[in-house]
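All remarks here apply to the structure that follows.
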Amino acid sequence: MTESRTKDHHVKDMGLADKGRSRIEWADNDMPVLRAVRARWAKEKPLAGLRMSACLHVTAETANLARTLKAAGADILLVASNPLSTQDDVAAALTKHYGINVMAIKGEDNDSYYSHLKAAVLRKPNITMDDGADLVTLLHTKYQKIAGGVIGSMEETTTGVIRLRAMEAAKKLKFPVIAVNDAVTKNMFDNRYGTGQSTLDGIIRATDILLAGKNVVVAGFGWCGKGCAMRASGMGAKVIVTEVDPVKALEAAMEGYQVMTMEEAAKIGDLFITVTGNKHVIRAKHAKLMKHGAMVCNSGHFDIEIDLIGMAKETKKIKKNVRNFVDEYVMKTGRSVYVLAEGRLVNLAAAEGHPACVMDMSFATQALASEYLVKERKKMGKKVYNVPAEIENWVANLKLESMHVKMDTLTEDQKHYLSSWEHGT
Ligand code: ADE
């Protein structure tokens, strides 16, 4: 195995390219909406001549998005949005078989990760795509001159949108950004069903534990938390939710989950999953209370939800890799707490991320948002925009069609009734 590196790409092993191509094609079978976009774009070329830099998880599903953007005429470079989420065979296949340059290696160190981000910025992209706002942040800090030439950007995840809205509020944003994450065709499906399934998949692949009968603590009851709680409960776990938002806490309680503080939950949880988008949700003081053998993992975007540095200070020793993606923190209390995937996204590090069927909707929305941005750029300001309803409806309709699901349509009389106000009791 030798890394393949030029000024345009950096992947782990070109020998993996054929395996990666099969995997990309397999995922494509379950991405009919994105395929429909690609077929139209191959004729219309709406992104012709545009340079794009995309900082996304380098997976088979993302590969199909990149193929779609290329079919539209874009010249694209793909870099990783997380050092542990890259599928090396997919990175090799994109570069070798699809003519799409990738700079990403699973397990790359911080220097390599940031050198790839830097390359994505230095090629002076017209459009950027982010999953966590790393490219946009670089363009607004170290490379402000290059930001002047950017038409706009798309953001894929909750954490990124939080950052971008903060930039907009501080009047620091230098170009329009479309909050793809906030589209219902993204978050209600990808965040809920995708995170719900893939998080448990990552946990099970890493640990091989039985979920039935376990106390599973889910920190955060947004769409991702709802998905994790629903699926853990479906597998027989007793789910406990921790929250800081009263409405979400109430919703969790009425769904039948126990809701309590992390301090209380720490004493009884067998498995902890953080999906809050915030930092230090699990801290050393919680880890000190945990039972021997408790497992902690994160499925939120950044690896800051579990305070591993603080926890490490309370350990006697850390045994790395007791299984793949499992580190044992032997606490000063004498009890061991197991940390999965170094506190990074467990679903992408230890499993394959969300299945293609659900990424189909996210990435079709993402793709169509970039076409909208290019068409409407003259009318757009330095703001965070929502995905237009027409795009969401188009994606939902086509997904339904691909699933052979038929819906009713309103009669003329019903339409009239809905748009009138005179009818009372
Ligand atoms: N985020 C979560 N799952 C993903 C996947 N399969 N591909 C790209 N980004 C993802």
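Letters A, B, ... mark the chains of the structure tokens in the order given; residue numbers begin at 1 per chain; ligand numbers begin at 1, in order shown.
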
Chain A residues near ligand 1 within 8 Å, closest pair each, using only C-alpha atoms and all ligand atoms, as JSON lines:
{"residue": "A:Leu56", "atom": "CA", "partner": "ligand 1", "partner_atom_place_in_ligand_line": "9 (N)", "distance": 6.4}
{"residue": "A:His57", "atom": "CA", "partner": "ligand 1", "partner_atom_place_in_ligand_line": "9 (N)", "distance": 4.8}
{"residue": "A:Val58", "atom": "CA", "partner": "ligand 1", "partner_atom_place_in_ligand_line": "8 (C)", "distance": 6.4}
{"residue": "A:Thr59", "atom": "CA", "partner": "ligand 1", "partner_atom_place_in_ligand_line": "7 (N)", "distance": 4.9}
{"residue": "A:Ala60", "atom": "CA", "partner": "ligand 1", "partner_atom_place_in_ligand_line": "7 (N)", "distance": 6.7}
{"residue": "A:Glu61", "atom": "CA", "partner": "ligand 1", "partner_atom_place_in_ligand_line": "7 (N)", "distance": 4.9}
{"residue": "A:Thr62", "atom": "CA", "partner": "ligand 1", "partner_atom_place_in_ligand_line": "8 (C)", "distance": 5.1}
{"residue": "A:Asp131", "atom": "CA", "partner": "ligand 1", "partner_atom_place_in_ligand_line": "9 (N)", "distance": 7.9}
{"residue": "A:Asp190", "atom": "CA", "partner": "ligand 1", "partner_atom_place_in_ligand_line": "2 (C)", "distance": 7.5}
{"residue": "A:Gly194", "atom": "CA", "partner": "ligand 1", "partner_atom_place_in_ligand_line": "3 (N)", "distance": 6.9}
{"residue": "A:Thr195", "atom": "CA", "partner": "ligand 1", "partner_atom_place_in_ligand_line": "2 (C)", "distance": 7.0}
{"residue": "A:Ser198", "atom": "CA", "partner": "ligand 1", "partner_atom_place_in_ligand_line": "3 (N)", "distance": 7.6}
{"residue": "A:Asn347", "atom": "CA", "partner": "ligand 1", "partner_atom_place_in_ligand_line": "3 (N)", "distance": 7.3}
{"residue": "A:Leu348", "atom": "CA", "partner": "ligand 1", "partner_atom_place_in_ligand_line": "3 (N)", "distance": 6.4}
{"residue": "A:Glu352", "atom": "CA", "partner": "ligand 1", "partner_atom_place_in_ligand_line": "6 (N)", "distance": 6.0}
{"residue": "A:Gly353", "atom": "CA", "partner": "ligand 1", "partner_atom_place_in_ligand_line": "3 (N)", "distance": 3.6}
{"residue": "A:His354", "atom": "CA", "partner": "ligand 1", "partner_atom_place_in_ligand_line": "3 (N)", "distance": 3.7}
{"residue": "A:Pro355", "atom": "CA", "partner": "ligand 1", "partner_atom_place_in_ligand_line": "6 (N)", "distance": 5.6}
{"residue": "A:Ala356", "atom": "CA", "partner": "ligand 1", "partner_atom_place_in_ligand_line": "6 (N)", "distance": 6.3}
{"residue": "A:Met359", "atom": "CA", "partner": "ligand 1", "partner_atom_place_in_ligand_line": "6 (N)", "distance": 6.3}

Take the selection from the previous step and output its residues with N, CA and C atoms, as an mmCIF file, in the first residue's frame.
data_model
loop_
_atom_site.group_PDB
_atom_site.id
_atom_site.type_symbol
_atom_site.label_atom_id
_atom_site.label_comp_id
_atom_site.auth_asym_id
_atom_site.auth_seq_id
_atom_site.Cartn_x
_atom_site.Cartn_y
_atom_site.Cartn_z
ATOM 1 N N LEU A 56 -16.864 17.325 2.420
ATOM 2 C CA LEU A 56 -17.957 16.441 2.856
ATOM 3 C C LEU A 56 -17.352 15.128 3.330
ATOM 4 N N HIS A 57 -18.155 14.293 3.965
ATOM 5 C CA HIS A 57 -17.668 12.954 4.287
ATOM 6 C C HIS A 57 -17.456 12.208 2.970
ATOM 7 N N VAL A 58 -16.277 11.633 2.804
ATOM 8 C CA VAL A 58 -15.967 10.985 1.515
ATOM 9 C C VAL A 58 -16.490 9.540 1.558
ATOM 10 N N THR A 59 -17.751 9.399 1.155
ATOM 11 C CA THR A 59 -18.425 8.101 1.187
ATOM 12 C C THR A 59 -18.949 7.771 -0.212
ATOM 13 N N ALA A 60 -19.479 6.571 -0.360
ATOM 14 C CA ALA A 60 -20.047 6.162 -1.651
ATOM 15 C C ALA A 60 -21.206 7.085 -2.047
ATOM 16 N N GLU A 61 -21.961 7.544 -1.051
ATOM 17 C CA GLU A 61 -23.113 8.406 -1.349
ATOM 18 C C GLU A 61 -22.617 9.773 -1.831
ATOM 19 N N THR A 62 -21.591 10.285 -1.150
ATOM 20 C CA THR A 62 -21.026 11.570 -1.565
ATOM 21 C C THR A 62 -20.423 11.447 -2.967
ATOM 22 N N ASP A 131 -19.777 20.386 5.168
ATOM 23 C CA ASP A 131 -20.503 19.602 6.166
ATOM 24 C C ASP A 131 -19.827 19.931 7.484
ATOM 25 N N ASP A 190 -32.792 12.364 6.912
ATOM 26 C CA ASP A 190 -31.367 12.061 7.108
ATOM 27 C C ASP A 190 -31.026 12.093 8.604
ATOM 28 N N GLY A 194 -31.593 8.387 9.206
ATOM 29 C CA GLY A 194 -30.193 8.102 8.876
ATOM 30 C C GLY A 194 -29.350 7.995 10.135
ATOM 31 N N THR A 195 -29.379 9.029 10.968
ATOM 32 C CA THR A 195 -28.560 8.994 12.187
ATOM 33 C C THR A 195 -29.033 7.880 13.108
ATOM 34 N N SER A 198 -27.708 4.534 11.474
ATOM 35 C CA SER A 198 -26.252 4.393 11.290
ATOM 36 C C SER A 198 -25.494 4.516 12.612
ATOM 37 N N ASN A 347 -20.999 6.844 13.663
ATOM 38 C CA ASN A 347 -21.699 6.228 12.522
ATOM 39 C C ASN A 347 -20.847 6.237 11.264
ATOM 40 N N LEU A 348 -19.993 7.253 11.128
ATOM 41 C CA LEU A 348 -19.163 7.320 9.926
ATOM 42 C C LEU A 348 -17.794 6.700 10.157
ATOM 43 N N GLU A 352 -20.764 2.932 8.007
ATOM 44 C CA GLU A 352 -20.631 3.579 6.694
ATOM 45 C C GLU A 352 -21.465 4.845 6.557
ATOM 46 N N GLY A 353 -21.869 5.427 7.692
ATOM 47 C CA GLY A 353 -22.716 6.623 7.611
ATOM 48 C C GLY A 353 -24.135 6.224 7.254
ATOM 49 N N HIS A 354 -24.921 7.230 6.901
ATOM 50 C CA HIS A 354 -26.324 6.949 6.596
ATOM 51 C C HIS A 354 -26.437 6.160 5.295
ATOM 52 N N PRO A 355 -27.402 5.270 5.226
ATOM 53 C CA PRO A 355 -27.597 4.513 3.990
ATOM 54 C C PRO A 355 -27.956 5.406 2.793
ATOM 55 N N ALA A 356 -27.651 4.868 1.612
ATOM 56 C CA ALA A 356 -27.837 5.628 0.365
ATOM 57 C C ALA A 356 -29.277 6.111 0.178
ATOM 58 N N MET A 359 -29.584 9.341 2.005
ATOM 59 C CA MET A 359 -28.668 10.366 1.480
ATOM 60 C C MET A 359 -29.128 10.822 0.103
#

Problem set entry | Non-local contacts of A:Asn101 (7 Å; only C-alpha atoms; under 2 positions in same chain excluded) as number ranges by chain | A: 8-9, 76-78, 94-95, 99, 103

Exercise. What is the atom CA of A:Glu390-atom CA of A:Ile162 distance in Å, reported with one decimal?
Worked result: 24.0 Å

Exercise. How many Å lie between atom CA of A:Lys267 and atom CA of A:Ala349, rounded to one decimal?
Worked result: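 Computing the Euclidean distance for atom CA of A:Lys267 and atom CA of A:Ala349 yields 27.1 Å.
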
Exercise. Between atom CA of A:Gly196 and atom CA of A:Ala237, what is the spacing in Å?
Worked result: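 Between these atoms lies a distance of 13.5 Å.
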